[in-house]
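This is coords.cif. It holds mmCIF, C-alpha atoms.
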```cif
data_structure
#
loop_
_atom_site.label_atom_id
_atom_site.label_comp_id
_atom_site.auth_asym_id
_atom_site.auth_seq_id
_atom_site.Cartn_x
_atom_site.Cartn_y
_atom_site.Cartn_z
CA MET A 175 7.07 -0.77 -13.56
CA CYS A 176 9.46 1.28 -11.46
CA VAL A 177 8.78 4.98 -11.41
CA ARG A 178 9.85 7.96 -9.41
CA THR A 179 7.89 11.10 -8.75
CA SER A 180 8.94 14.52 -9.95
CA ARG A 181 10.04 15.26 -6.36
CA SER A 182 13.38 14.32 -4.75
CA TYR A 183 13.48 12.33 -1.50
CA PRO A 184 16.24 12.05 0.55
CA ASN A 185 15.64 -2.84 13.65
CA PRO A 186 12.03 -3.20 12.26
CA SER A 187 9.36 -3.06 14.94
CA SER A 188 6.92 -5.80 15.92
CA PRO A 189 5.13 -7.39 12.94
CA HIS A 190 1.78 -7.47 14.69
CA ILE A 191 -1.00 -5.15 13.55
CA TYR A 192 -2.42 -3.45 16.61
CA VAL A 193 -5.91 -2.13 16.10
CA SER A 194 -6.15 1.60 16.71
CA MET A 195 -8.88 3.71 15.22
CA GLY A 196 -7.14 6.99 16.04
CA ASP A 197 -9.15 10.00 17.20
CA SER A 198 -12.17 11.96 16.04
CA ASN A 199 -10.17 13.47 13.18
CA ASP A 200 -10.42 10.09 11.46
CA ASP A 201 -14.20 10.41 11.13
CA GLU A 202 -14.00 12.15 7.77
CA ARG A 203 -12.05 9.23 6.36
CA THR A 204 -14.37 6.48 7.61
CA ASN A 205 -17.83 8.08 7.74
CA ASN A 206 -19.17 6.76 4.44
CA ARG A 207 -17.32 3.45 4.24
CA ARG A 208 -18.69 0.00 4.82
CA ARG A 209 -15.27 -1.57 4.23
CA PRO A 210 -11.84 -0.05 4.87
CA ASN A 211 -9.25 0.79 2.20
CA VAL A 212 -5.74 -0.62 2.56
CA LEU A 213 -2.44 0.58 1.08
CA VAL A 214 0.33 -2.02 0.74
CA THR A 215 3.70 -0.38 0.17
CA GLY A 216 7.43 -1.05 0.43
CA THR A 217 10.64 -1.21 -1.56
CA PRO A 218 10.42 -2.95 -4.96
CA GLY A 219 10.77 -6.70 -4.45
CA VAL A 220 9.21 -7.02 -0.99
CA GLY A 221 6.05 -8.73 -2.24
CA LYS A 222 3.50 -5.91 -2.40
CA THR A 223 1.45 -7.11 -5.36
CA SER A 224 1.37 -10.72 -4.17
CA THR A 225 0.28 -9.69 -0.68
CA ALA A 226 -2.31 -7.19 -1.93
CA SER A 227 -3.75 -9.77 -4.32
CA MET A 228 -4.07 -12.30 -1.50
CA ILE A 229 -5.79 -9.75 0.75
CA ALA A 230 -8.24 -8.73 -1.98
CA GLU A 231 -9.09 -12.34 -2.83
CA ARG A 232 -9.51 -13.36 0.81
CA LEU A 233 -11.71 -10.39 1.74
CA GLY A 234 -13.56 -9.74 -1.52
CA MET A 235 -11.98 -6.30 -1.95
CA LYS A 236 -10.93 -4.61 -5.17
CA HIS A 237 -7.21 -4.71 -5.93
CA PHE A 238 -5.51 -1.83 -7.71
CA CYS A 239 -1.90 -2.45 -8.71
CA VAL A 240 -0.69 1.09 -9.33
CA GLY A 241 2.14 -0.03 -11.59
CA ASP A 242 -0.46 -1.51 -13.94
CA LEU A 243 -2.56 1.68 -13.75
CA VAL A 244 0.47 3.80 -14.62
CA ARG A 245 0.95 1.77 -17.79
CA GLU A 246 -2.76 1.58 -18.62
CA HIS A 247 -3.33 5.34 -18.27
CA SER A 248 0.12 6.46 -19.51
CA CYS A 249 0.89 8.31 -16.29
CA VAL A 250 4.51 9.00 -17.20
CA GLU A 251 6.13 12.40 -17.76
CA GLY A 252 9.47 11.17 -19.02
CA ARG A 253 12.47 9.03 -18.20
CA ASP A 254 15.23 9.43 -15.62
CA GLU A 255 18.11 7.55 -17.19
CA SER A 256 20.41 8.09 -14.20
CA LEU A 257 17.99 6.15 -11.99
CA GLU A 258 16.84 3.86 -14.82
CA THR A 259 13.21 4.64 -14.09
CA ASN A 260 10.21 6.50 -15.46
CA ILE A 261 9.03 9.81 -13.98
CA LEU A 262 5.51 9.55 -12.62
CA ASP A 263 2.78 12.02 -13.61
CA GLU A 264 1.16 12.16 -10.16
CA ASP A 265 -1.80 14.35 -11.10
CA LYS A 266 -2.82 12.13 -14.01
CA LEU A 267 -2.52 9.02 -11.86
CA LEU A 268 -4.60 10.45 -9.01
CA ASP A 269 -7.26 11.70 -11.42
CA ALA A 270 -7.52 8.18 -12.84
CA MET A 271 -7.64 6.51 -9.43
CA GLU A 272 -10.14 8.80 -7.67
CA PRO A 273 -13.27 7.34 -9.35
CA MET A 274 -11.95 3.81 -8.81
CA ILE A 275 -11.58 4.40 -5.09
CA GLN A 276 -15.01 6.02 -4.97
CA ASP A 277 -16.64 3.14 -6.85
CA ALA A 278 -15.16 0.60 -4.43
CA GLU A 279 -16.52 2.60 -1.49
CA GLU A 280 -19.97 2.97 -3.05
CA GLU A 281 -20.09 -0.77 -3.74
CA GLY A 282 -19.20 -1.41 -0.11
CA VAL A 283 -16.27 -3.68 -0.91
CA GLY A 284 -13.30 -1.45 -0.15
CA CYS A 285 -9.99 -1.70 -1.98
CA VAL A 286 -6.37 -2.74 -1.63
CA VAL A 287 -3.82 -0.55 -3.41
CA ASP A 288 -0.18 -1.54 -3.86
CA PHE A 289 2.68 0.72 -4.92
CA HIS A 290 6.26 1.46 -3.86
CA VAL A 291 5.52 5.20 -3.65
CA CYS A 292 3.18 5.88 -0.74
CA GLU A 293 3.14 9.60 0.07
CA ILE A 294 1.51 10.85 -3.14
CA PHE A 295 -1.97 9.59 -2.25
CA PRO A 296 -4.56 11.61 -0.30
CA GLU A 297 -4.45 10.59 3.35
CA ARG A 298 -8.26 10.28 3.37
CA TRP A 299 -8.10 7.33 0.95
CA PHE A 300 -6.70 4.79 3.41
CA ASP A 301 -7.57 3.31 6.78
CA LEU A 302 -4.55 1.01 7.01
CA VAL A 303 -1.06 1.40 5.52
CA LEU A 304 0.94 -1.82 5.47
CA VAL A 305 4.70 -1.37 4.94
CA LEU A 306 6.35 -4.65 3.93
CA ARG A 307 9.98 -5.22 4.95
CA THR A 308 12.37 -7.85 3.62
CA ASP A 309 15.83 -8.93 4.75
CA THR A 310 18.52 -7.54 2.48
CA GLU A 311 19.90 -10.94 1.46
CA ILE A 312 16.49 -12.04 0.25
CA LEU A 313 15.76 -8.70 -1.40
CA TYR A 314 19.11 -8.86 -3.23
CA ASP A 315 18.18 -12.21 -4.77
CA ARG A 316 14.69 -11.03 -5.72
CA LEU A 317 15.96 -7.89 -7.45
CA THR A 318 18.70 -9.85 -9.21
CA SER A 319 16.12 -12.31 -10.53
CA ARG A 320 14.18 -9.33 -11.95
CA GLY A 321 17.21 -8.36 -13.99
CA TYR A 322 17.94 -5.11 -12.12
CA SER A 323 21.29 -3.52 -12.97
CA ASP A 324 23.90 -3.24 -10.21
CA HIS A 325 23.14 0.47 -9.83
CA LYS A 326 19.37 0.07 -9.68
CA ARG A 327 19.64 -2.85 -7.29
CA SER A 328 21.98 -0.90 -5.02
CA GLU A 329 19.59 2.08 -4.95
CA ASN A 330 16.72 -0.12 -3.83
CA MET A 331 18.85 -2.03 -1.32
CA GLU A 332 19.94 1.24 0.25
CA SER A 333 16.33 2.42 0.37
CA GLU A 334 15.34 -0.73 2.28
CA ILE A 335 18.27 -0.52 4.69
CA MET A 336 17.55 3.14 5.43
CA GLN A 337 13.81 2.45 5.90
CA VAL A 338 13.01 5.20 3.39
CA ILE A 339 9.48 4.08 2.52
CA LEU A 340 8.61 3.29 6.13
CA GLU A 341 9.62 6.81 7.18
CA GLU A 342 7.74 8.36 4.24
CA ALA A 343 4.61 6.44 5.26
CA ARG A 344 4.93 7.62 8.85
CA GLU A 345 5.28 11.21 7.67
CA ALA A 346 2.41 11.05 5.17
CA TYR A 347 -0.20 9.25 7.30
CA ASP A 348 -1.42 9.10 10.86
CA ARG A 349 1.09 6.84 12.62
CA ASN A 350 -1.79 4.92 14.16
CA ILE A 351 -2.65 3.41 10.78
CA VAL A 352 0.92 2.66 9.59
CA HIS A 353 2.15 -0.85 10.36
CA GLU A 354 5.46 -2.51 9.49
CA VAL A 355 5.48 -6.27 8.81
CA ARG A 356 8.02 -8.82 7.64
CA SER A 357 7.69 -10.27 4.14
CA ASN A 358 10.50 -12.76 3.66
CA THR A 359 8.58 -15.96 3.02
CA VAL A 360 5.25 -17.22 1.74
CA GLU A 361 4.41 -18.13 5.33
CA GLU A 362 4.99 -14.55 6.47
CA MET A 363 2.88 -13.23 3.60
CA GLU A 364 0.04 -15.55 4.61
CA ALA A 365 0.38 -14.44 8.23
CA ASN A 366 0.17 -10.81 7.12
CA VAL A 367 -3.01 -11.54 5.18
CA GLN A 368 -4.50 -13.17 8.26
CA ARG A 369 -3.59 -10.12 10.37
CA VAL A 370 -5.28 -7.82 7.87
CA GLU A 371 -8.34 -10.08 7.85
CA GLN A 372 -8.54 -9.76 11.64
CA TRP A 373 -7.97 -6.00 11.44
CA VAL A 374 -10.77 -5.56 8.89
CA ALA A 375 -13.16 -7.51 11.13
CA GLN A 376 -12.23 -5.24 14.04
CA TRP A 377 -12.60 -2.13 11.86
CA MET A 378 -16.12 -3.19 10.89
CA GLN A 379 -17.01 -3.82 14.52
CA ASP A 380 -15.60 -0.46 15.64
CA ASN A 381 -17.53 1.30 12.87
CA ASN A 382 -20.77 -0.61 13.55
CA VAL A 383 -20.73 -2.20 10.09
CA THR A 384 -22.14 -5.67 9.49
CA GLU A 385 -21.97 -7.98 6.49
CA ASP A 386 -25.68 -7.25 5.98
CA ASP A 387 -24.78 -3.58 5.45
CA ASN A 388 -22.31 -4.58 2.76
CA ASN A 389 -24.92 -6.70 1.00
CA ILE A 390 -27.52 -3.93 0.74
CA ASP A 391 -26.43 -2.76 -2.71
CA ASN A 392 -26.29 -6.31 -4.02
CA GLU A 393 -29.88 -7.24 -3.17
#
```

What is this file in structure tokens?
Amino acid sequence: MCVRTSRSYPNPSSPHIYVSMGDSNDDERTNNRRRPNVLVTGTPGVGKTSTASMIAERLGMKHFCVGDLVREHSCVEGRDESLETNILDEDKLLDAMEPMIQDAEEEGVGCVVDFHVCEIFPERWFDLVLVLRTDTEILYDRLTSRGYSDHKRSENMESEIMQVILEEAREAYDRNIVHEVRSNTVEEMEANVQRVEQWVAQWMQDNNVTEDDNNIDNE
């Protein structure tokens, strides 16, 4: 499901995820977590849901596909025919997601959230924001195969070329936790999952969390 919010919004860097835990201001976000939360975002068609699903399966985290949640909880205010998309009810969506995020934290499993809109979420929810990028030729074919109209495809192509979602992520979150990665092939998706797996292991080490801590509630 493609949606826009009720607001108006006006060479990729290295694909490696460099571990940086930021400064002491991050403590509020990580204090009570035994696993980090990850946001996977990017232009429609870059492979967000596939990547998020792979991360969740590999690491035993909960996966929340926001597009599915929007449909499930009817988080739509109306329809923007000019953009051929639904208008997102942000408040209703966030109210629905808050207990899901909390449950994942209390269970000690963490979560992976994927959505093409990134700046509407509370900054405190996420410890890593992964922005997927795809070459325009590949993205064109993916959007065409989805049946996008010429206008809708052009809007999304322009968004990718102008790095709109990457810039929104950098503005909405601490830049230390925002990472841009390529997502052109299955091999690149797998490499991204491996990078996240390594990052999560480092996060747990930096936060003095062990697998035994995560198993406490399951004993």

Result set, the PyMOL selection byres ((chain A and resi 356-360) around 10) on current file, as a PyMOL selection string: chain A and resi 186-190+216+219-222+224-225+305-313+354-355+361-366

For A:Trp377, the closest of A:Ala346, A:Leu213, A:Met331, A:Leu302 counting all atoms listed in the file is A:Leu302

Apply the PyMOL selection byres ((chain A and resi 243-260) around 12) to the structure shown and report the selected residues as number ranges by chain. A: 175-180, 182, 237-242, 261-271, 274, 287-289, 322-330

Point-to-point distance from atom CA of A:Gln368 to atom CA of A:Val303, Å rounded to tenths: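 About the pair atom CA of A:Gln368 and atom CA of A:Val303: they are 15.2 Å apart.
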
Rounded to one decimal place, report the atom CA of A:Gln276-atom CA of A:Asp380 distance in Å. 21.6 Å

Mind pulling up the distance from atom CA of A:Ala343 to atom CA of A:Asp277? 24.7 Å

Top pick for closest residue to A:Thr215, considering A:Arg316, A:Arg298, A:Arg349, A:His290 and counting all atoms listed in the file: A:His290

Would you kindly return, as a short mmCIF file (atom, residue, chain, number, x, y, z; two decimals) with C-alpha atoms, in the frame of the given file, each protein, DNA or RNA residue with an atom no farther than 10 Å from any atom of A:Pro296, considering only C-alpha atoms and excluding same-chain residues fewer than 2 positions away?
```
data_model
loop_
_atom_site.label_atom_id
_atom_site.label_comp_id
_atom_site.auth_asym_id
_atom_site.auth_seq_id
_atom_site.Cartn_x
_atom_site.Cartn_y
_atom_site.Cartn_z
CA LEU A 268 -4.60 10.45 -9.01
CA GLU A 272 -10.14 8.80 -7.67
CA CYS A 292 3.18 5.88 -0.74
CA GLU A 293 3.14 9.60 0.07
CA ILE A 294 1.51 10.85 -3.14
CA ARG A 298 -8.26 10.28 3.37
CA TRP A 299 -8.10 7.33 0.95
CA PHE A 300 -6.70 4.79 3.41
CA ALA A 346 2.41 11.05 5.17
CA TYR A 347 -0.20 9.25 7.30
#
```

Selection dump of the PyMOL selection byres ((chain A and resi 210) around 7), as a list in words: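 Applied to this file, the PyMOL selection byres ((chain A and resi 210) around 7) selects Arg207, Arg208, Arg209, Asn211, Val212, Gly284, Asp301 and Val374 of chain A.
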
Counting all atoms listed in the file, the option among A:Gly282, A:Pro273, A:Pro218, A:Gly234 closest to A:Val383: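 Of all the options, A:Gly282 lies closest to A:Val383.
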
Taking every listed atom of stretch 334-346 of chain A and adding 6 Å to each side, what centre and edge lengths in Å (one decimal) does the axis-aligned box have, as JSON?
```
{"center_x": 10.3, "center_y": 5.2, "center_z": 5.6, "size_x": 27.9, "size_y": 23.9, "size_z": 18.6}
```
